[in-house]
Amino acid sequence: MIPEIGHFALIVALLVALVQGTFPIIGAATGNVAWMALAKPAARAQFVLVAIAIGCLAYAFAAMDYSVLYVASNSNSKLPLHYRVAAVWGGHEGSLLLWAFILSVWTVAVTFFSRHLPDAMRARILGVMGLVSIGFLLFMLTVSNPFERLIPGAMDGRDLNPLLQDPGMVFHPPMLYMGYVGFSVAFAFAIAALLGGELDAAWARWSRPWTTLAWMFLTVGIMGGSNWAYYELGWGGWWFWDAVENASFMPWLVGTALIHSLAATEKRGSFKAWTVLLAICAFSLSLLGTFLVRSGVLTSVHAFATDPQRGLFILAFLVVVIGGSLALFAWRAPRVGRGGAFDVLSRESLLLANNVLLVVAAGSVLLGTLYPLFLDALGLGKISVGPPYFDTVFVPLMAPAIFLMAVGPLARWKKAELPDLAIRLRWAFAVSLATALLLPLVLGHWTPMVGLGLFLAFWVFTASALSLRERLSAGGQSVAVRLRSVPRAWWGMWLAHVGIGVFILGVTVVKGFETETAVRMRAGDVTHLAGYAFAFDGVNEVQGPNYVATQGRLRVSRDGREVAVLAPQKRLYTVQNMPMTEAGIAAGVWSDLYASLGEPLADGGWSVRLYYKPMVNWIWGGCALMALGGFLALSDRRYRLTRRCRAAGENAA
Amino acid sequence: MKRFLLPLAVFFVLAGFLAVGLRLDPREVPSPLIGKPAPPFTLPRLDDPQQSFSPREMLGQVWLLNVWASWCGACREEHPLLLELSRSGAVPLYGMDYKDTREDATQWLKQGGGDPYRATAMDLDGRVGIDYGVYGVPETYLIDKAGIIRYKRIGPVTEQVLREKILPMVKELQAK
């Protein structure tokens, strides 16, 4: 009965979405106030309905209702409760329901935080989001219904893919989707502005916090996914340029460009058409990502269900949404006036250059991801594009982008002077260059990539330190007063930029100085790596809730002092009879010690892989700083202030 | 106006490719071994370790080599189909048990409802698997009378693949 309630809620939600997607938009075009007013209640009703649907599915999982096909295929009675709930998004149908649910969360958030928007604008925004929702609800109800029954019901479920049975599964997909889907708000703002023909600074100011929030979630989501891959796959890698990873990375790159271009549009009225295009692209890439993951056109470690019929539906949906919005763009954007003029060297030009580099980088990732498909479609053979392509293309694009990123905040709007910038930055440049040349020599060996990475990281740090110093020393007041007067948005920008530096430093040091070894070890053997001694105590059996594991024990010591005990596992998930590797990691600020168990050997020994990964956690630390920067920017006074003023104004009236 | 149409044009080209891509199967990886002689090996048999199996014994016949393992989930999927195929006698089916143990493999065949293979070679350490470029278990190779690999299927054999691809090829090769 409960699954039928969920199914019914989805049907009603679709009907409500139809209302939400049509009447308010027509109302806004014809000035029909009553029709426009439908947007808000419709959006809220839709949220309630989709929440009921996902709640019903979660209940079916929790209650182990194996007469629901999706539950039977993705759960098992031995699966612990938190994974049973997370299994809601463990497969195709449930992921889509999560997509639709998060879209409704964003939509309902817009209804609550849009009091300052003109009625027509709000009606259009909610209408556009309703149209997107129609697509997803229709998709679920036609070709991928999560509530489909299995009659007669299965005795027990086939279990969640063991790869997904990890705490990461509970947080990573919702975070990622919050980011992905969050760009729908910026998209809806852009389409609403195109429809209304009001592409002004106000539009940019309104869509900025939404974009930053979505970007923040996406950053956290990607960070979590990368960290998960690091400890779960047992290869010691943290990014594989896998098609699905790329699908989340492309919207991030374009979203980053969008945040910056929105800043220029708001402050200076520049790049209006470009900003709108970026908003459309960021969301389009999110949709494309969904298509790539869900249609099975690309092979990937993430490829779950592949079904051409579903692929066709998503493709048709893509053509309608992306094609439609780009056509609207081609029709309306030429009328958008030009923004304020700016010099060849100015903050605007630096932002534009960075924007172009980010978009080109996203384009090159897209090309690399789809290249195998292009060749295959043209009958030119099957190839796979791997990390070598991405590394060669990505570094030359990002290096200048990072270089400019550090300069940007120091340059004036409208017109900056090169000699002035050069003088201000000369010490930063000298320090970074010296570090890049000397530090690797101290650490052991120098390669061009290590040199470049260190130069960029320290360039970001020193330039950020300089911009902080200038910010605090300008004017006559004391540092404490100036410190308080710096807006949080500026701190957010600053912190996010420093985060990029931290990230680059982590990547550079790990790539340049990590060491690994694969050895066969028997109980009592000792292996030395990077100054650490790894003593193998042998293995013992561990019984998990739905797996049996062979757990190795490695005592790690340095200079005779024990520093860590690693417990890598080789698990066998009994339901699907699938082996999984669980790495043993001793994490630290300066380095990770990482061990994974390979195969048992005939002589009673084990093949063991050991890694020493210096500063690997700085990679995720950098991402966390970026996300924190986004959070600080969002908590800036001006957002709170406008709301308070508005509330006061309403009270007075 | 023209430059504003550019994004739309780019998107339509992309969508065209995606539409074509939908009809292609990225799992169909061509093996460099197709058209080449099946790599030779001599491995002990599952049912009797004293006896061995070698592809040389199969010269003059068209046959299928199915790589499987007791730890492989997808092998369960194709197992009933393989049993049916073996009962039909359309083509001799031999197995290669990849990186497995004798006990597990024997147990697995018992649980799975029977042994569809005329014989199973035990590739315990996976060395022969490397020669064959085994990429994911299960895999199935179609080998002709001259010992040349004619077709390779990565992933479980489905009813459709068997009906539309493997059996017609078997018939054609047997007629030669």
# chains A, B, ... in the order shown; residues from 1 in each chain; ligands from 1
>>> select_by_dssp(residues="region 8-119 of chain B", states="alpha helix (DSSP H)", output="ChimeraX atom specification")
/B:8-22,73-88,102-111
>>> interface_residues(of="chain A", to="chain B", cutoff="6 Å", atoms="only C-alpha atoms", output="ChimeraX atom specification")
/A:297,326,330,334,377,576-577
>>> write_last_selection(atoms="C-alpha atoms", output="mmCIF file, in the first residue's frame")
data_model
loop_
_atom_site.group_PDB
_atom_site.id
_atom_site.type_symbol
_atom_site.label_atom_id
_atom_site.label_comp_id
_atom_site.auth_asym_id
_atom_site.auth_seq_id
_atom_site.Cartn_x
_atom_site.Cartn_y
_atom_site.Cartn_z
ATOM 1 C CA VAL A 297 26.533 5.640 -23.719
ATOM 2 C CA LEU A 326 19.839 28.176 -26.194
ATOM 3 C CA ALA A 330 19.935 33.324 -29.491
ATOM 4 C CA PRO A 334 21.243 40.231 -28.898
ATOM 5 C CA ALA A 377 29.750 7.123 -33.878
ATOM 6 C CA GLN A 576 26.438 -10.938 -4.366
ATOM 7 C CA ASN A 577 29.589 -12.948 -3.693
#
>>> select_by_dssp(residues="region 485-527 of chain A", states="strand (DSSP E or B)", output="count of residues only")
9
>>> closest_atom_pairs(of="region 78-163 of chain B", to="region 54-63 of chain B", cutoff="8 Å", atoms="only C-alpha atoms", output="Markdown table")
| residue | atom | partner | partner_atom | distance |
| --- | --- | --- | --- | --- |
| B:Val91 | CA | B:Trp63 | CA | 5.8 |
| B:Pro92 | CA | B:Trp63 | CA | 5.1 |
| B:Leu93 | CA | B:Trp63 | CA | 6.1 |
| B:Tyr94 | CA | B:Trp63 | CA | 7.6 |
| B:Leu142 | CA | B:Trp63 | CA | 6.1 |
| B:Ile143 | CA | B:Trp63 | CA | 5.5 |
| B:Asp144 | CA | B:Val62 | CA | 4.4 |
| B:Lys145 | CA | B:Gly60 | CA | 4.1 |
| B:Ala146 | CA | B:Leu59 | CA | 5.9 |
| B:Gly147 | CA | B:Leu59 | CA | 5.8 |
>>> write_last_selection(atoms="C-alpha atoms", output="PDB file, in the first residue's frame")
ATOM      1  CA  VAL B  91      28.192 -26.223 -29.995  1.00  0.00           C
ATOM      2  CA  PRO B  92      30.707 -27.773 -27.588  1.00  0.00           C
ATOM      3  CA  LEU B  93      31.224 -25.546 -24.566  1.00  0.00           C
ATOM      4  CA  TYR B  94      34.400 -25.584 -22.510  1.00  0.00           C
ATOM      5  CA  LEU B 142      34.238 -18.481 -30.241  1.00  0.00           C
ATOM      6  CA  ILE B 143      37.048 -20.503 -31.793  1.00  0.00           C
ATOM      7  CA  ASP B 144      36.890 -22.062 -35.261  1.00  0.00           C
ATOM      8  CA  LYS B 145      38.130 -25.359 -36.689  1.00  0.00           C
ATOM      9  CA  ALA B 146      41.603 -23.955 -37.359  1.00  0.00           C
ATOM     10  CA  GLY B 147      41.906 -22.738 -33.771  1.00  0.00           C
TER      11      GLY B 147
END
>>> closest_residue(among="A:Ala186, A:Leu278, A:Leu141, A:Met449", to="Thr508 (chain A)", atoms="only C-alpha atoms")
A:Met449
>>> residues_around(residues="region 101-116 of chain B", least_positions_apart="5", cutoff="7 Å", atoms="only C-alpha atoms", output="list in words")
Leu46, Ala69, Ser70, Leu82, Leu83, Ser86 and Leu124 of chain B
>>> residues_around(residues="region 148-155 of chain B", least_positions_apart="5", cutoff="6 Å", atoms="only C-alpha atoms", output="JSON list (two decimals) with N, CA and C atoms, in the first residue's frame")
[["chain", "number", "residue", "atom", "x", "y", "z"],
["B", 34, "ILE", "N", 41.02, -11.24, -32.12],
["B", 34, "ILE", "CA", 40.08, -11.76, -33.11],
["B", 34, "ILE", "C", 40.79, -11.92, -34.45],
["B", 35, "GLY", "N", 40.63, -13.09, -35.03],
["B", 35, "GLY", "CA", 41.35, -13.40, -36.26],
["B", 35, "GLY", "C", 42.73, -13.99, -36.01],
["B", 36, "LYS", "N", 43.09, -14.11, -34.75],
["B", 36, "LYS", "CA", 44.41, -14.67, -34.40],
["B", 36, "LYS", "C", 44.21, -16.05, -33.78],
["B", 37, "PRO", "N", 45.23, -16.90, -33.83],
["B", 37, "PRO", "CA", 45.10, -18.21, -33.21],
["B", 37, "PRO", "C", 44.90, -18.08, -31.70],
["B", 38, "ALA", "N", 44.06, -18.95, -31.13],
["B", 38, "ALA", "CA", 43.84, -18.93, -29.69],
["B", 38, "ALA", "C", 45.15, -19.28, -28.99],
["B", 138, "PRO", "N", 32.38, -12.68, -16.65],
["B", 138, "PRO", "CA", 32.65, -13.71, -17.65],
["B", 138, "PRO", "C", 33.02, -13.15, -19.03],
["B", 139, "GLU", "N", 33.74, -13.98, -19.76],
["B", 139, "GLU", "CA", 34.02, -13.69, -21.16],
["B", 139, "GLU", "C", 33.86, -14.98, -21.94],
["B", 140, "THR", "N", 33.49, -14.83, -23.21],
["B", 140, "THR", "CA", 33.25, -16.02, -24.02],
["B", 140, "THR", "C", 33.94, -15.86, -25.37],
["B", 141, "TYR", "N", 34.68, -16.87, -25.76],
["B", 141, "TYR", "CA", 35.41, -16.85, -27.03],
["B", 141, "TYR", "C", 34.83, -17.90, -27.95],
["B", 142, "LEU", "N", 34.66, -17.52, -29.23],
["B", 142, "LEU", "CA", 34.24, -18.48, -30.24],
["B", 142, "LEU", "C", 35.46, -18.82, -31.09],
["B", 143, "ILE", "N", 35.81, -20.09, -31.12],
["B", 143, "ILE", "CA", 37.05, -20.50, -31.79],
["B", 143, "ILE", "C", 36.70, -21.47, -32.92]]
>>> residues_around(residues="Val16 (chain A)", least_positions_apart="4", cutoff="7 Å", atoms="only C-alpha atoms", output="PDB file with N, CA and C atoms, in the first residue's frame")
ATOM      1  N   VAL A  12       0.399  12.884  -8.874  1.00  0.00           N
ATOM      2  CA  VAL A  12      -0.181  14.186  -8.526  1.00  0.00           C
ATOM      3  C   VAL A  12       0.876  15.276  -8.668  1.00  0.00           C
ATOM      4  N   GLN A  20       2.393  24.395 -12.448  1.00  0.00           N
ATOM      5  CA  GLN A  20       3.482  25.294 -12.066  1.00  0.00           C
ATOM      6  C   GLN A  20       4.293  25.745 -13.281  1.00  0.00           C
ATOM      7  N   ALA A  42       1.833  26.166  -5.873  1.00  0.00           N
ATOM      8  CA  ALA A  42       2.090  24.961  -6.669  1.00  0.00           C
ATOM      9  C   ALA A  42       3.463  24.392  -6.328  1.00  0.00           C
ATOM     10  N   GLN A  46       4.126  20.792  -4.651  1.00  0.00           N
ATOM     11  CA  GLN A  46       4.956  19.806  -5.325  1.00  0.00           C
ATOM     12  C   GLN A  46       6.036  19.269  -4.399  1.00  0.00           C
TER      13      GLN A  46
END
>>> atom_distance(atom1="CA of Met580 (chain A)", atom2="CA of Ala229 (chain A)")
12.7 Å
>>> atom_distance(atom1="CA of Ala120 (chain A)", atom2="CA of Val185 (chain A)")
15.8 Å
>>> residues_around(residues="Met36 (chain A)", least_positions_apart="5", cutoff="12 Å", atoms="only C-alpha atoms", output="ChimeraX atom specification")
/A:19-31,41-43,118-127
>>> residues_around(residues="region 429-439 of chain A", least_positions_apart="3", cutoff="9 Å", atoms="only C-alpha atoms", output="PyMOL selection string")
chain A and resi 425-426+442-444+446+450-463
